[in-house]
$ cat my_file.pdb   # PDB, C-alpha atoms
ATOM      1  CA  MET R   1      83.105  33.304 230.226
ATOM      2  CA  ILE R   2      82.733  34.284 226.576
ATOM      3  CA  PHE R   3      84.397  37.549 225.572
ATOM      4  CA  LEU R   4      83.089  39.159 222.385
ATOM      5  CA  THR R   5      85.111  42.032 220.922
ATOM      6  CA  ILE R   6      84.551  43.906 217.666
ATOM      7  CA  GLY R   7      87.358  46.455 217.895
ATOM      8  CA  THR R   8      87.087  50.122 218.690
ATOM      9  CA  HIS R   9      86.023  52.124 215.705
ATOM     10  CA  GLU R  10      83.195  50.831 213.632
ATOM     11  CA  PRO R  11      80.002  48.994 214.484
ATOM     12  CA  PHE R  12      79.616  45.372 213.483
ATOM     13  CA  ASP R  13      75.908  44.707 213.979
ATOM     14  CA  ARG R  14      75.914  41.518 211.928
ATOM     15  CA  LEU R  15      78.149  39.798 214.493
ATOM     16  CA  LEU R  16      76.299  41.286 217.492
ATOM     17  CA  HIS R  17      72.948  40.192 216.103
ATOM     18  CA  ALA R  18      74.076  36.661 215.264
ATOM     19  CA  PHE R  19      75.734  36.277 218.663
ATOM     20  CA  ASP R  20      72.631  37.629 220.381
ATOM     21  CA  ASP R  21      70.415  35.121 218.571
ATOM     22  CA  TRP R  22      72.781  32.303 219.459
ATOM     23  CA  LEU R  23      72.920  33.402 223.100
ATOM     24  CA  GLY R  24      69.122  33.499 223.212
ATOM     25  CA  GLN R  25      69.101  29.802 222.385
ATOM     26  CA  HIS R  26      71.488  29.115 225.259
ATOM     27  CA  ALA R  27      69.902  31.281 227.921
ATOM     28  CA  ASP R  28      71.602  31.268 231.325
ATOM     29  CA  GLN R  29      74.326  28.884 230.214
ATOM     30  CA  HIS R  30      77.021  31.444 229.601
ATOM     31  CA  GLU R  31      78.465  34.516 231.224
ATOM     32  CA  VAL R  32      79.403  37.003 228.513
ATOM     33  CA  VAL R  33      81.370  40.240 228.319
ATOM     34  CA  VAL R  34      80.915  42.273 225.148
ATOM     35  CA  GLN R  35      83.072  45.138 223.923
ATOM     36  CA  ALA R  36      81.287  46.920 221.101
ATOM     37  CA  ALA R  37      81.338  50.572 220.166
ATOM     38  CA  SER R  38      78.203  51.296 218.155
ATOM     39  CA  PRO R  39      78.239  55.026 217.588
ATOM     40  CA  VAL R  40      75.352  55.115 215.118
ATOM     41  CA  ILE R  41      71.843  55.952 216.316
ATOM     42  CA  ASP R  42      70.080  53.010 214.702
ATOM     43  CA  ALA R  43      72.595  50.442 215.968
ATOM     44  CA  TYR R  44      71.413  46.947 216.760
ATOM     45  CA  ARG R  45      70.242  46.649 220.377
ATOM     46  CA  PRO R  46      71.162  43.273 221.868
ATOM     47  CA  ARG R  47      68.469  41.532 223.960
ATOM     48  CA  TYR R  48      70.655  39.155 225.938
ATOM     49  CA  PHE R  49      73.766  41.139 226.860
ATOM     50  CA  ASP R  50      75.076  44.591 227.715
ATOM     51  CA  THR R  51      77.973  46.157 225.867
ATOM     52  CA  ILE R  52      81.034  48.060 227.005
ATOM     53  CA  ALA R  53      82.027  50.767 224.538
ATOM     54  CA  HIS R  54      85.673  51.116 225.440
ATOM     55  CA  LEU R  55      88.061  48.935 227.402
ATOM     56  CA  SER R  56      91.458  50.117 228.613
ATOM     57  CA  PRO R  57      94.311  47.961 227.272
ATOM     58  CA  GLU R  58      94.660  46.510 230.756
ATOM     59  CA  ASP R  59      90.976  45.563 231.051
ATOM     60  CA  TYR R  60      91.033  44.184 227.529
ATOM     61  CA  GLU R  61      93.911  41.870 228.436
ATOM     62  CA  ALA R  62      92.232  40.924 231.711
ATOM     63  CA  HIS R  63      89.037  39.886 229.878
ATOM     64  CA  ILE R  64      91.032  37.876 227.340
ATOM     65  CA  ARG R  65      92.832  36.102 230.177
ATOM     66  CA  ALA R  66      89.585  35.397 232.011
ATOM     67  CA  ALA R  67      87.733  34.163 228.931
ATOM     68  CA  ASP R  68      87.116  30.515 228.058
ATOM     69  CA  LEU R  69      86.306  31.518 224.483
ATOM     70  CA  ILE R  70      86.801  34.714 222.479
ATOM     71  CA  VAL R  71      84.505  35.791 219.666
ATOM     72  CA  SER R  72      85.817  38.551 217.446
ATOM     73  CA  HIS R  73      85.871  40.329 214.127
ATOM     74  CA  ALA R  74      88.768  39.024 212.006
ATOM     75  CA  GLY R  75      91.228  41.642 213.281
ATOM     76  CA  MET R  76      94.856  40.631 213.719
ATOM     77  CA  GLY R  77      95.048  42.330 217.122
ATOM     78  CA  SER R  78      92.328  40.100 218.595
ATOM     79  CA  ILE R  79      93.656  36.992 216.883
ATOM     80  CA  LEU R  80      97.269  37.464 217.978
ATOM     81  CA  THR R  81      96.239  38.376 221.530
ATOM     82  CA  ALA R  82      94.035  35.273 221.817
ATOM     83  CA  PHE R  83      96.887  33.069 220.541
ATOM     84  CA  THR R  84      99.325  34.658 222.986
ATOM     85  CA  TYR R  85      97.131  33.714 225.931
ATOM     86  CA  GLY R  86      96.311  30.280 224.529
ATOM     87  CA  LYS R  87      92.595  31.050 224.160
ATOM     88  CA  PRO R  88      90.283  29.576 221.559
ATOM     89  CA  ILE R  89      88.799  32.246 219.277
ATOM     90  CA  VAL R  90      85.912  32.353 216.810
ATOM     91  CA  ILE R  91      86.451  34.952 214.084
ATOM     92  CA  MET R  92      83.920  36.416 211.667
ATOM     93  CA  PRO R  93      85.235  38.853 209.027
ATOM     94  CA  ARG R  94      83.866  42.343 208.432
ATOM     95  CA  ARG R  95      82.947  42.774 204.767
ATOM     96  CA  GLY R  96      83.766  45.635 202.471
ATOM     97  CA  HIS R  97      80.586  45.530 200.366
ATOM     98  CA  LEU R  98      78.499  45.754 203.561
ATOM     99  CA  ARG R  99      80.467  48.867 204.568
ATOM    100  CA  GLU R 100      81.736  47.169 207.702
ATOM    101  CA  THR R 101      85.255  48.191 206.709
ATOM    102  CA  ARG R 102      86.751  50.361 204.016
ATOM    103  CA  ASN R 103      87.716  47.347 201.919
ATOM    104  CA  ASP R 104      87.505  43.579 202.106
ATOM    105  CA  HIS R 105      90.872  43.079 203.826
ATOM    106  CA  GLN R 106      89.392  41.186 206.795
ATOM    107  CA  TYR R 107      87.787  38.698 204.450
ATOM    108  CA  THR R 108      90.912  38.067 202.371
ATOM    109  CA  THR R 109      92.956  37.697 205.551
ATOM    110  CA  PHE R 110      90.302  35.369 206.959
ATOM    111  CA  ARG R 111      90.638  33.242 203.833
ATOM    112  CA  SER R 112      94.454  33.301 203.958
ATOM    113  CA  LEU R 113      94.907  32.339 207.609
ATOM    114  CA  LYS R 114      95.978  28.763 208.028
ATOM    115  CA  ALA R 115      94.415  26.328 210.467
ATOM    116  CA  TRP R 116      95.641  27.016 213.985
ATOM    117  CA  PRO R 117      94.823  25.236 217.235
ATOM    118  CA  GLY R 118      91.818  26.945 218.781
ATOM    119  CA  LEU R 119      91.059  29.104 215.730
ATOM    120  CA  PHE R 120      87.471  28.741 214.510
ATOM    121  CA  PHE R 121      86.268  30.283 211.263
ATOM    122  CA  ALA R 122      82.724  31.630 210.910
ATOM    123  CA  GLU R 123      82.453  33.036 207.407
ATOM    124  CA  ASP R 124      79.223  34.910 208.089
ATOM    125  CA  GLU R 125      76.268  35.223 210.469
ATOM    126  CA  THR R 126      74.634  32.067 209.157
ATOM    127  CA  ALA R 127      77.722  30.017 209.969
ATOM    128  CA  LEU R 128      78.221  31.520 213.437
ATOM    129  CA  PRO R 129      75.829  29.426 215.581
ATOM    130  CA  ALA R 130      77.260  26.068 214.494
ATOM    131  CA  VAL R 131      80.819  27.339 214.814
ATOM    132  CA  MET R 132      80.036  28.648 218.334
ATOM    133  CA  ASP R 133      78.743  25.230 219.343
ATOM    134  CA  ARG R 134      81.778  23.523 217.864
ATOM    135  CA  ALA R 135      84.205  25.904 219.592
ATOM    136  CA  LEU R 136      82.487  25.453 222.954
ATOM    137  CA  ALA R 137      82.454  21.692 222.604
ATOM    138  CA  ALA R 138      86.211  21.800 221.967
ATOM    139  CA  ILE R 139      86.936  23.717 225.176
ATOM    140  CA  THR R 140      86.980  20.480 227.132
ATOM    141  CA  ASP R 141      89.946  19.415 224.976
ATOM    142  CA  ALA R 142      93.441  20.539 225.880
ATOM    143  CA  ALA R 143      93.849  24.325 225.763
ATOM    144  CA  PRO R 144      95.581  25.657 222.642
ATOM    145  CA  PRO R 145      99.319  26.262 223.130
ATOM    146  CA  CYS R 146     100.366  29.814 224.014
ATOM    147  CA  LEU R 147     102.015  31.627 221.131
ATOM    148  CA  PRO R 148     105.256  33.305 222.312
ATOM    149  CA  ASP R 149     104.589  37.021 222.742
ATOM    150  CA  VAL R 150     107.285  37.903 220.212
ATOM    151  CA  ALA R 151     107.540  37.012 216.531
ATOM    152  CA  ASP R 152     109.618  34.191 215.117
ATOM    153  CA  PRO R 153     113.364  34.812 215.752
ATOM    154  CA  GLY R 154     114.075  34.329 212.044
ATOM    155  CA  PHE R 155     112.033  37.428 211.257
ATOM    156  CA  THR R 156     113.211  39.653 214.108
ATOM    157  CA  THR R 157     116.853  38.696 213.499
ATOM    158  CA  ALA R 158     116.564  39.757 209.853
ATOM    159  CA  LEU R 159     115.082  43.090 210.961
ATOM    160  CA  ARG R 160     117.798  43.477 213.566
ATOM    161  CA  GLU R 161     120.475  42.977 210.925
ATOM    162  CA  PHE R 162     118.950  45.754 208.884
ATOM    163  CA  ILE R 163     118.730  48.069 211.908
ATOM    164  CA  PHE R 164     122.378  47.528 212.781
ATOM    165  CA  SER R 165     123.651  47.589 209.197
ATOM    166  CA  SER R 166     122.006  50.956 208.774
ATOM    167  CA  ARG R 167     124.448  52.713 211.095
ATOM    168  CA  GLN R 168     125.943  55.517 209.088
ATOM    169  CA  GLY R 169     129.119  57.184 210.337
TER     170      GLY R 169
ATOM    171  CA  MET I 170     132.729  52.307 220.214
ATOM    172  CA  LYS I 171     129.835  53.427 218.093
ATOM    173  CA  ARG I 172     126.584  54.085 219.871
ATOM    174  CA  LYS I 173     123.622  51.786 219.325
ATOM    175  CA  PRO I 174     121.094  52.997 216.741
ATOM    176  CA  HIS I 175     118.096  54.949 217.939
ATOM    177  CA  VAL I 176     114.960  53.195 216.673
ATOM    178  CA  MET I 177     111.580  54.858 216.372
ATOM    179  CA  ALA I 178     108.808  52.251 216.202
ATOM    180  CA  VAL I 179     105.467  53.562 214.981
ATOM    181  CA  ALA I 180     101.972  52.031 214.816
ATOM    182  CA  SER I 181      98.402  53.186 215.205
ATOM    183  CA  ALA I 182      96.294  51.555 217.924
ATOM    184  CA  GLY I 183      94.810  48.080 217.428
ATOM    185  CA  GLY I 184      96.259  45.279 215.345
ATOM    186  CA  HIS I 185      99.096  47.421 213.988
ATOM    187  CA  TRP I 186     100.338  48.027 217.523
ATOM    188  CA  VAL I 187      99.989  44.376 218.574
ATOM    189  CA  GLN I 188     102.103  43.374 215.563
ATOM    190  CA  LEU I 189     104.718  46.054 216.280
ATOM    191  CA  MET I 190     105.151  44.897 219.885
ATOM    192  CA  ARG I 191     105.797  41.358 218.674
ATOM    193  CA  LEU I 192     108.859  42.620 216.757
ATOM    194  CA  ARG I 193     110.630  44.178 219.736
ATOM    195  CA  PRO I 194     113.544  41.670 219.856
ATOM    196  CA  ALA I 195     114.662  43.353 216.611
ATOM    197  CA  TRP I 196     115.549  46.516 218.541
ATOM    198  CA  ALA I 197     116.544  45.004 221.901
ATOM    199  CA  GLY I 198     119.439  46.971 223.358
ATOM    200  CA  CYS I 199     118.776  49.993 221.115
ATOM    201  CA  ARG I 200     117.513  53.326 222.262
ATOM    202  CA  VAL I 201     113.792  53.040 221.473
ATOM    203  CA  THR I 202     111.010  55.561 220.973
ATOM    204  CA  TYR I 203     107.470  54.338 220.425
ATOM    205  CA  VAL I 204     104.852  56.450 218.671
ATOM    206  CA  THR I 205     101.184  55.468 218.620
ATOM    207  CA  THR I 206      97.674  56.960 218.863
ATOM    208  CA  GLU I 207      96.634  55.574 222.266
ATOM    209  CA  PRO I 208      98.141  57.118 225.435
ATOM    210  CA  ASP I 209      97.225  54.021 227.490
ATOM    211  CA  PHE I 210      99.766  51.996 225.520
ATOM    212  CA  GLN I 211     102.645  53.681 227.355
ATOM    213  CA  GLU I 212     102.100  51.328 230.244
ATOM    214  CA  ILE I 213     102.162  48.311 227.934
ATOM    215  CA  ALA I 214     105.385  49.484 226.285
ATOM    216  CA  GLN I 215     106.987  50.013 229.703
ATOM    217  CA  ARG I 216     105.783  46.689 231.054
ATOM    218  CA  ARG I 217     107.103  44.791 228.031
ATOM    219  CA  ALA I 218     110.462  46.604 228.241
ATOM    220  CA  ALA I 219     110.783  45.761 231.955
ATOM    221  CA  GLN I 220     109.890  42.157 231.193
ATOM    222  CA  ASP I 221     112.659  42.086 228.536
ATOM    223  CA  GLY I 222     115.183  43.668 230.928
ATOM    224  CA  GLU I 223     115.259  46.875 228.876
ATOM    225  CA  PRO I 224     115.162  50.479 230.137
ATOM    226  CA  ALA I 225     111.856  52.350 229.844
ATOM    227  CA  PRO I 226     111.440  53.369 226.185
ATOM    228  CA  GLY I 227     110.565  56.816 224.899
ATOM    229  CA  PHE I 228     106.856  57.179 224.204
ATOM    230  CA  HIS I 229     104.831  59.740 222.254
ATOM    231  CA  THR I 230     101.302  59.875 220.921
ATOM    232  CA  VAL I 231      99.715  61.592 217.949
ATOM    233  CA  ILE I 232      96.055  62.163 217.202
ATOM    234  CA  GLU I 233      94.141  59.274 215.659
ATOM    235  CA  ALA I 234      92.980  59.797 212.056
ATOM    236  CA  ASN I 235      91.564  57.791 209.172
ATOM    237  CA  LEU I 236      91.746  58.451 205.447
ATOM    238  CA  TRP I 237      88.643  60.639 205.345
ATOM    239  CA  GLN I 238      89.594  62.937 208.189
ATOM    240  CA  LYS I 239      91.831  65.388 206.343
ATOM    241  CA  GLY I 240      92.081  67.855 209.229
ATOM    242  CA  ARG I 241      92.998  65.155 211.693
ATOM    243  CA  LEU I 242      95.470  63.642 209.225
ATOM    244  CA  LEU I 243      97.171  67.001 208.932
ATOM    245  CA  ARG I 244      97.417  67.327 212.709
ATOM    246  CA  GLN I 245      98.734  63.782 212.921
ATOM    247  CA  MET I 246     101.385  64.527 210.304
ATOM    248  CA  LEU I 247     102.430  67.658 212.166
ATOM    249  CA  GLY I 248     102.653  65.679 215.400
ATOM    250  CA  ILE I 249     104.877  63.087 213.745
ATOM    251  CA  PHE I 250     107.060  65.813 212.278
ATOM    252  CA  LEU I 251     107.594  67.473 215.664
ATOM    253  CA  ILE I 252     108.376  64.184 217.403
ATOM    254  CA  LEU I 253     110.889  63.312 214.665
ATOM    255  CA  LEU I 254     112.540  66.720 214.972
ATOM    256  CA  ARG I 255     112.873  66.315 218.714
ATOM    257  CA  THR I 256     114.081  62.719 218.781
ATOM    258  CA  ARG I 257     116.013  62.355 215.490
ATOM    259  CA  PRO I 258     116.018  58.537 215.261
ATOM    260  CA  ASP I 259     118.511  56.633 213.085
ATOM    261  CA  VAL I 260     115.889  54.111 212.003
ATOM    262  CA  VAL I 261     112.109  54.477 211.628
ATOM    263  CA  ILE I 262     110.113  51.253 211.545
ATOM    264  CA  SER I 263     106.345  50.839 211.203
ATOM    265  CA  THR I 264     103.615  48.227 210.840
ATOM    266  CA  GLY I 265     101.093  50.909 209.766
ATOM    267  CA  ALA I 266      98.951  52.707 209.275
ATOM    268  CA  ALA I 267      98.751  56.488 208.639
ATOM    269  CA  PRO I 268     101.169  57.570 211.436
ATOM    270  CA  GLY I 269     103.697  55.075 210.099
ATOM    271  CA  TYR I 270     103.294  56.408 206.581
ATOM    272  CA  PHE I 271     104.040  59.952 207.748
ATOM    273  CA  ALA I 272     106.889  58.832 210.012
ATOM    274  CA  LEU I 273     108.613  56.984 207.173
ATOM    275  CA  ARG I 274     108.237  59.765 204.613
ATOM    276  CA  ILE I 275     109.336  62.551 206.965
ATOM    277  CA  GLY I 276     111.881  60.376 208.761
ATOM    278  CA  ARG I 277     113.603  59.559 205.524
ATOM    279  CA  PHE I 278     113.610  63.213 204.560
ATOM    280  CA  LEU I 279     115.389  63.882 207.860
ATOM    281  CA  GLY I 280     118.008  61.240 207.116
ATOM    282  CA  ALA I 281     116.713  58.144 208.925
ATOM    283  CA  ARG I 282     116.724  54.676 207.386
ATOM    284  CA  THR I 283     113.203  53.323 207.097
ATOM    285  CA  VAL I 284     111.416  49.978 207.357
ATOM    286  CA  TRP I 285     107.787  49.397 206.330
ATOM    287  CA  ILE I 286     106.209  46.123 207.411
ATOM    288  CA  ASP I 287     102.784  45.799 205.833
ATOM    289  CA  SER I 288     100.203  44.570 208.330
ATOM    290  CA  MET I 289      99.298  40.900 208.390
ATOM    291  CA  ALA I 290      95.728  42.116 208.020
ATOM    292  CA  ASN I 291      96.472  42.816 204.346
ATOM    293  CA  ALA I 292      96.547  39.347 202.835
ATOM    294  CA  GLY I 293      94.688  40.241 199.645
ATOM    295  CA  GLU I 294      96.648  43.274 198.594
ATOM    296  CA  LEU I 295      99.100  45.691 200.169
ATOM    297  CA  SER I 296      97.706  48.494 202.304
ATOM    298  CA  LEU I 297      97.248  51.844 200.562
ATOM    299  CA  SER I 298     100.059  53.274 202.691
ATOM    300  CA  GLY I 299     102.263  50.333 201.791
ATOM    301  CA  GLN I 300     101.577  50.728 198.075
ATOM    302  CA  ARG I 301     102.349  54.421 198.166
ATOM    303  CA  LEU I 302     105.443  54.083 200.347
ATOM    304  CA  GLY I 303     106.959  51.203 198.476
ATOM    305  CA  LYS I 304     110.068  52.538 196.873
ATOM    306  CA  HIS I 305     110.459  55.273 199.469
ATOM    307  CA  ALA I 306     111.251  52.783 202.218
ATOM    308  CA  ASP I 307     114.779  51.370 202.579
ATOM    309  CA  LEU I 308     113.272  48.034 203.548
ATOM    310  CA  TRP I 309     109.790  47.284 202.217
ATOM    311  CA  LEU I 310     108.153  44.142 203.543
ATOM    312  CA  THR I 311     104.921  42.205 203.317
ATOM    313  CA  GLN I 312     104.122  39.404 205.749
ATOM    314  CA  TRP I 313     102.511  37.259 203.042
ATOM    315  CA  GLU I 314     104.700  35.258 200.631
ATOM    316  CA  HIS I 315     102.122  35.507 197.863
ATOM    317  CA  LEU I 316     102.296  39.333 197.884
ATOM    318  CA  ALA I 317     106.104  39.485 197.581
ATOM    319  CA  LYS I 318     107.479  40.538 194.189
ATOM    320  CA  PRO I 319     110.991  40.694 192.721
ATOM    321  CA  GLU I 320     110.813  44.509 192.628
ATOM    322  CA  GLY I 321     109.426  44.590 196.197
ATOM    323  CA  PRO I 322     107.981  44.206 198.696
ATOM    324  CA  LYS I 323     110.046  41.350 200.093
ATOM    325  CA  CYS I 324     108.779  38.790 202.561
ATOM    326  CA  LEU I 325     111.176  37.930 205.406
ATOM    327  CA  GLY I 326     108.569  36.313 207.649
ATOM    328  CA  SER I 327     105.547  37.294 209.682
ATOM    329  CA  VAL I 328     104.683  38.198 213.268
ATOM    330  CA  LEU I 329     102.771  34.909 213.532
TER     331      LEU I 329
END
$ encode --input "my_file.pdb" --output "structure tokens"
Amino acid sequence: MIFLTIGTHEPFDRLLHAFDDWLGQHADQHEVVVQAASPVIDAYRPRYFDTIAHLSPEDYEAHIRAADLIVSHAGMGSILTAFTYGKPIVIMPRRGHLRETRNDHQYTTFRSLKAWPGLFFAEDETALPAVMDRALAAITDAAPPCLPDVADPGFTTALREFIFSSRQG
Amino acid sequence: MKRKPHVMAVASAGGHWVQLMRLRPAWAGCRVTYVTTEPDFQEIAQRRAAQDGEPAPGFHTVIEANLWQKGRLLRQMLGIFLILLRTRPDVVISTGAAPGYFALRIGRFLGARTVWIDSMANAGELSLSGQRLGKHADLWLTQWEHLAKPEGPKCLGSVL
């Protein structure tokens, strides 16, 4: 199953459209679940899948767990959750100049993220189809390792020292 | 023996919250109060605490708001203020965004020590909240080495 998620607040038609086109080329090969809130009237209407506007945190996690591949905007929540469950993920950044986010932070983060097992970068809608094919072909390889569900101890220990040193009186 | 510090951990829903939850070993054993914008996250916070062998944490929500929603921002700020008054944490820690900004500013005013951890989603420049908070936080952090500066923010690591 392929789980596509674009986050809760803003539409991301460019990703939905590109994914829809790709799916059309692979009719009946893939089961998909798509979370996409598109509050605007003239939102893109997908031909090959239905969308779910809102998923409870529990359902969201369940879909991530059940997925063979995740496709997502370049949001850290999706990326970290995919890593935690050892799922491959294709990310495509929202762009500031296209008004998909307030600024271009997803793009700069996309460019700054280092290679990671199971992380596939689709810079824009033109890159998506080939990256989808590559990610799916890689699924037969060993699954990516599961990221521990807490941050590196070096970081949390430093924070802990601050928390405990801050005791006053 | 001195009591353990009371930590208030604040993040809006989405990536900010996912990053905050990854930091929970930092406040293991402390009294903890979570503040977010999504009521459904209470169950996640409780499940994670149980999994870590911790007691059920305090949990409060405030209204969700973005930069353009002045009325909602005001209500969010008021919500944060009331929660802080009721719980009086020793330390306020946040990964963003707006609720964390308010919690750090008001929390510090009420005598708490404060920690701002700029979201990993800000690799190009600090978040607006982070830029404005800067010197008002006792510990001001970015998760990207290339954004750290001698005058702050510091980089002590990342949630990844």
$ resolve_selection --input "my_file.pdb" --expression "the PyMOL selection byres ((chain R and resi 88) around 6)" --output "JSON, numbers by chain"
{"R": [69, 87, 89, 118, 119]}
$ atom_distance --input "my_file.pdb" --atom1 "atom CA of Asp50 of chain R" --atom2 "atom CA of Val34 of chain R"
6.8 Å
$ interface_residues --input "my_file.pdb" --of "chain R" --to "chain I" --cutoff "7 Å" --atoms "all atoms listed in the file" --output "short mmCIF file (atom, residue, chain, number, x, y, z; two decimals) with C-alpha atoms, in the frame of the given file"
data_model
loop_
_atom_site.label_atom_id
_atom_site.label_comp_id
_atom_site.auth_asym_id
_atom_site.auth_seq_id
_atom_site.Cartn_x
_atom_site.Cartn_y
_atom_site.Cartn_z
CA PRO R 57 94.31 47.96 227.27
CA GLY R 75 91.23 41.64 213.28
CA MET R 76 94.86 40.63 213.72
CA GLY R 77 95.05 42.33 217.12
CA HIS R 105 90.87 43.08 203.83
CA GLN R 106 89.39 41.19 206.80
CA THR R 108 90.91 38.07 202.37
CA THR R 109 92.96 37.70 205.55
CA SER R 112 94.45 33.30 203.96
CA ASP R 149 104.59 37.02 222.74
CA VAL R 150 107.28 37.90 220.21
CA ALA R 151 107.54 37.01 216.53
CA ASP R 152 109.62 34.19 215.12
CA PHE R 155 112.03 37.43 211.26
CA THR R 156 113.21 39.65 214.11
CA THR R 157 116.85 38.70 213.50
CA LEU R 159 115.08 43.09 210.96
CA ARG R 160 117.80 43.48 213.57
CA ILE R 163 118.73 48.07 211.91
CA PHE R 164 122.38 47.53 212.78
CA SER R 166 122.01 50.96 208.77
CA ARG R 167 124.45 52.71 211.10
#
$ closest_residue --input "my_file.pdb" --among "R:Ala142, R:Ile6, R:Asn103, R:Asp13" --to "Leu297 of chain I" --atoms "only C-alpha atoms"
R:Asn103
$ resolve_selection --input "my_file.pdb" --expression "the PyMOL selection byres ((chain R and resi 120) around 9)" --output "PyMOL selection string"
chain R and resi 88-92+115-119+121-122+131-132+134-135
$ resolve_selection --input "my_file.pdb" --expression "the PyMOL selection byres ((chain I and resi 246) around 10)" --output "count of residues only"
22
$ closest_residue --input "my_file.pdb" --among "I:Gly299, I:Gly276, I:Gly321, I:Gly265" --to "Val179 of chain I" --atoms "only C-alpha atoms"
I:Gly265
$ atom_distance --input "my_file.pdb" --atom1 "atom CA of Leu302 of chain I" --atom2 "atom CA of Gly96 of chain R"
23.4 Å
$ atom_distance --input "my_file.pdb" --atom1 "atom CA of Tyr85 of chain R" --atom2 "atom CA of Ala53 of chain R"
22.8 Å
$ residues_around --input "my_file.pdb" --residues "Leu16 of chain R" --least-positions-apart "3" --cutoff "8 Å" --atoms "only C-alpha atoms" --output "list in words"
Phe12, Asp13, Phe19, Asp20, Tyr44 and Pro46 of chain R
$ residues_around --input "my_file.pdb" --residues "segment 224-227 of chain I" --least-positions-apart "2" --cutoff "6 Å" --atoms "only C-alpha atoms" --output "count of residues only"
4
$ decode --input "my_file.pdb" --residues "segment 137-157 of chain R" --atoms "C-alpha atoms" --output "compact mmCIF listing (two decimals), in the first residue's frame"
# COMPACT_ATOMS: atom_id res chain seq x y z
CA ALA R 137 11.91 -0.87 -7.12
CA ALA R 138 13.95 -0.52 -3.92
CA ILE R 139 11.19 -1.97 -1.73
CA THR R 140 12.35 -5.47 -2.54
CA ASP R 141 15.67 -4.57 -0.87
CA ALA R 142 16.03 -4.83 2.88
CA ALA R 143 13.68 -2.48 4.75
CA PRO R 144 15.31 0.70 6.07
CA PRO R 145 16.37 0.45 9.73
CA CYS R 146 13.92 1.82 12.31
CA LEU R 147 15.05 5.11 13.81
CA PRO R 148 14.75 4.98 17.63
CA ASP R 149 11.65 6.91 18.66
CA VAL R 150 13.70 9.30 20.78
CA ALA R 151 16.47 11.68 19.76
CA ASP R 152 20.17 10.99 20.11
CA PRO R 153 21.15 10.63 23.82
CA GLY R 154 23.87 13.25 23.36
CA PHE R 155 21.21 15.86 22.63
CA THR R 156 18.65 14.86 25.25
CA THR R 157 21.36 14.55 27.93
